[in-house]
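*Asks:* Take a look at the following structure, please.
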Amino acid sequence: MTSTAPESEWKRLDRRTVTVTALRMMGVAVVAGVPIGIGVGRALAPGPAVAIVVSAGVVLTLVAAGVDHLRWRRTRYRVLPERFELRQGIVVRKRRSLNRDRIRTVDITASVLLRLFGLAHVKIGTGEQAEDNESSLSLNPISRADAEWLRRELLDRAALREPEPGQDGVLSTLHLPWVRYAPVSFVTPALGAAAFGVVLQVAEWFGLQSDVVSWALDLLSELSLIAVVLVLVAIGILVGAIGAVALFVEMWWQYRLEREPGGTLRVRRGLLTTRSISVEERRLRGVELVEPLGNRLLGAARLDAVATGLAQREQDKKAAHNTLQPAAPREHADRVAAAVLREPVSPTAVARLRPHPRAARGRRVRWALAAVAAVLTPLVVVGLTVTPVLLHVAWVGAVVLVPVAVALALDAYRNLGHGLTDGYLVFRHGTVRRGTVALQRSGVIGWAVRQSFFQRRRGLLTLTATTAAGSQAYSAHDVDESEGLAFAEEAVPGLLTPFLERVD
């Protein structure tokens with residue numbers, strides 16, 4: 001559906017925003033009012049407590065609806081041939097204008113409540129890293145039809161460039177077997193621990209926390225301490241795994257990655273909250289294959305975009321603005337990377353990575369042992385001065401942690417590598433989170449060479465390619481000094497030449 005409004009006409013947000021705000025505030029009032037009402041009810045009779053809480057909820061809802069009505073009346077936007085303009089503000093009026101050539105992304109999200117009303121939240125980004133949020137404009141909410149019209153209108157520049165040869169249409173869709181990768185993420189233990197906290201908090205609201213704790217202790221009283229710990233860990237992991245699967249389904253249900261005519265990559269996903277993220281293909285500078293430890297053990301990886309306008313512009317990791325492909329088999333992620341880059345084979349799969357010197361392995365082993373020592377030393381000190389029990393905890397911890405730390409350090413060394421293909425430089429590092437980035441050689445705008453005192457003693461350095469895309473800096477850690485400088489000169493000839501000293 002296309003908009004019939006002239007380009008120069010000022011448009012408002014959808015007026016149903018007042019209703020949406022009122023309903024949202026009513027939900028907040030109910031959620032917050034239950035524990036507050038219980039607390040007030042302990043001091044007063046139930047009747048007055050309910051009256052106070054309900055009255056407060058009604059007042060808050062009316063105030064929020066009134067403020068949102070003023071916001072709706074004072075917000076206007078329009079699309080001109082050369083720029084996008086927005087007027088907003090209740091007390092302080094603002095008028096902002098973006099040149100359409102600066103617009104990099106148009107993201108569309110819709111919560112369950114917005115979807116019920118056929119509305120959407122649109123965020124228009126320029127890709128600049130302004131701390132005062134001046135690099136993006138937000139329209140919340142507008143109709144779904146207007147949101148789609150804005151996305152096409154602001155990103156469609158097909159007439160300004162020649163079509164590129166390659167695959168258009170759908171590049172990847174969701175496969176249900178990918179759900180099995182969700183429980184092996186680090187989200188699982190975090191959700192499991194959070195579940196225990198939620199149970200205790202809810203019990204406290206109703207004054208039952210001590211009863212819940214006593215019931216749990218009575219239930220586990222027949223078990224030894226080790227068995228109790230194992231049972232609690234198992235319950236936490238089970239609950240966390242269920243939560244991780246639910247979170248994956250909510251985020252990636254109906255996932256679809258496609259290339260639209262004119263060169264725009266679009267990711268659509270979401271079960272309860274739908275999201276549509278569009279990125280101009282000409283802003284793409286490469287891809288990063290991310291393999292968290294659990295996914296890597298199962299042969300899975302996710303694919304992130306390295307593009308201008310996506311560099312940490314959203315701190316909410318759930319939003320995953322730069323993720324093109326969720327965790328999937330490594331072969332599938334490589335195929336999607338090749339399709340996104342319009343290459344026959346993904347550079348992350350074809351590049352021959354050069355290993356790093358053995359001195360880099362020693363540095364990682366020493367770091368790992370130092371980390372274990374930092375954890376266990378306080379236990380030893382307290383055990384020698386206060387209670388000898390902690391000495392036993394310390395030596396048991398050493399027996400467990402030292403082999404794990406050394407194994408991770410050796411794995412981190414094996415994962416170090418850097419290489420070149422015809423059009424890309426490839427860096428790989430990490431063990432808990434292994435990342436393999438393929439960056440266009442033409443997208444490198446500078447080199448940063450860093451060498452600590454200990455690196456100088458070992459003849460190593462850290463070589464960082466700077467770019468305007470992604471995280472803006474990608475590094476090859478602990479490279480041989482001469483080999484690293486030669487690699488930088490080979491990757492982008494002439495950029496580092498004035499600073500090099502050639503030795504026969």
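Quick note on naming: the chains in the structure tokens go A, B, ... in the order shown, residues restart at 1 in each chain, and ligands are numbered from 1 in order of appearance.
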Please identify all polymer residues within 7 Å of A:Leu416, counting only C-alpha atoms, omitting same-chain residues fewer than 4 positions from it, and present them as a VMD selection string.
*Replies:* chain A and resid 355 to 356 412 428 to 429
*Asks:* Can you list, as a ChimeraX atom specification, every residue of stretch 20-247 of chain A that DSSP puts in helix (DSSP H, G or I)?
*Replies:* /A:20-43,46-73,100-102,112-116,144-155,158-160,176-181,187-205,209-219,225-247
*Asks:* How many Å separate atom CA of A:Arg296 from atom CA of A:Ala359?
*Replies:*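 Pair atom CA of A:Arg296 / atom CA of A:Ala359 returns 25.4 Å.
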*Asks:* Fewer than 4 positions away in the same chain doesn't count, so skip those; otherwise give me all residues within 9 Å of stretch 457-473 of chain A, counting only C-alpha atoms, as number ranges by chain.
*Replies:* A: 283-287, 305-312, 322, 357, 359-360, 439, 443-453, 477-482, 484-485, 488
*Asks:* Contacts of stretch 135-150 of chain A at 6 Å or less, counting only C-alpha atoms, minus same-chain residues fewer than 4 places along, as an NGL selection string?
*Replies:* :A and (2 or 13-14 or 118-126 or 128 or 130 or 154)
*Asks:* Got time to write the residues from that selection, N, CA and C atoms, as a CSV table (one decimal), in the first residue's frame?
*Replies:*
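What landed in selection_36.csv:
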```csv
chain,number,residue,atom,x,y,z
A,2,THR,N,0.6,2.2,-0.8
A,2,THR,CA,1.4,3.4,-0.8
A,2,THR,C,0.5,4.6,-0.3
A,13,LEU,N,1.3,12.0,13.8
A,13,LEU,CA,1.2,10.6,14.3
A,13,LEU,C,-0.2,10.1,14.2
A,14,ASP,N,-0.4,8.8,14.3
A,14,ASP,CA,-1.7,8.2,14.4
A,14,ASP,C,-2.4,8.6,15.7
A,118,GLY,N,-3.0,-2.0,14.4
A,118,GLY,CA,-2.4,-1.8,13.1
A,118,GLY,C,-1.4,-0.6,13.0
A,119,LEU,N,-0.6,-0.4,14.1
A,119,LEU,CA,0.3,0.7,14.2
A,119,LEU,C,1.7,0.1,14.3
A,120,ALA,N,2.7,1.0,14.2
A,120,ALA,CA,4.1,0.6,14.2
A,120,ALA,C,4.9,1.8,14.7
A,121,HIS,N,6.1,1.5,15.3
A,121,HIS,CA,7.1,2.4,15.7
A,121,HIS,C,8.2,2.5,14.7
A,122,VAL,N,8.5,3.6,14.1
A,122,VAL,CA,9.5,3.8,13.1
A,122,VAL,C,10.7,4.6,13.6
A,123,LYS,N,11.9,4.0,13.4
A,123,LYS,CA,13.1,4.7,13.8
A,123,LYS,C,14.0,4.9,12.6
A,124,ILE,N,14.3,6.2,12.3
A,124,ILE,CA,15.1,6.5,11.1
A,124,ILE,C,16.5,6.9,11.6
A,125,GLY,N,17.5,6.2,11.1
A,125,GLY,CA,18.9,6.4,11.6
A,125,GLY,C,19.8,6.9,10.5
A,126,THR,N,20.8,7.7,10.9
A,126,THR,CA,21.8,8.2,10.0
A,126,THR,C,23.1,7.5,10.2
A,128,GLU,N,25.3,8.1,12.6
A,128,GLU,CA,26.3,8.8,13.3
A,128,GLU,C,26.3,8.4,14.8
A,130,ALA,N,26.3,10.1,17.6
A,130,ALA,CA,26.1,11.2,18.5
A,130,ALA,C,25.5,10.7,19.8
A,154,LEU,N,12.3,6.4,1.9
A,154,LEU,CA,13.6,6.9,2.4
A,154,LEU,C,14.8,6.0,2.0
```
*Asks:* Give me the residues within 12 Å of A:Gly27 as JSON, numbers by chain, counting only C-alpha atoms and dropping any in the same chain fewer than 4 places off.
*Replies:* {"A": [20, 21, 22, 23, 31, 32, 33, 34, 57, 58, 60, 61, 113]}
*Asks:* Between A:Val365, A:Ala244, A:Ile103, A:Val400, single out the one closest to A:Val279, counting only C-alpha atoms.
*Replies:* A:Ile103
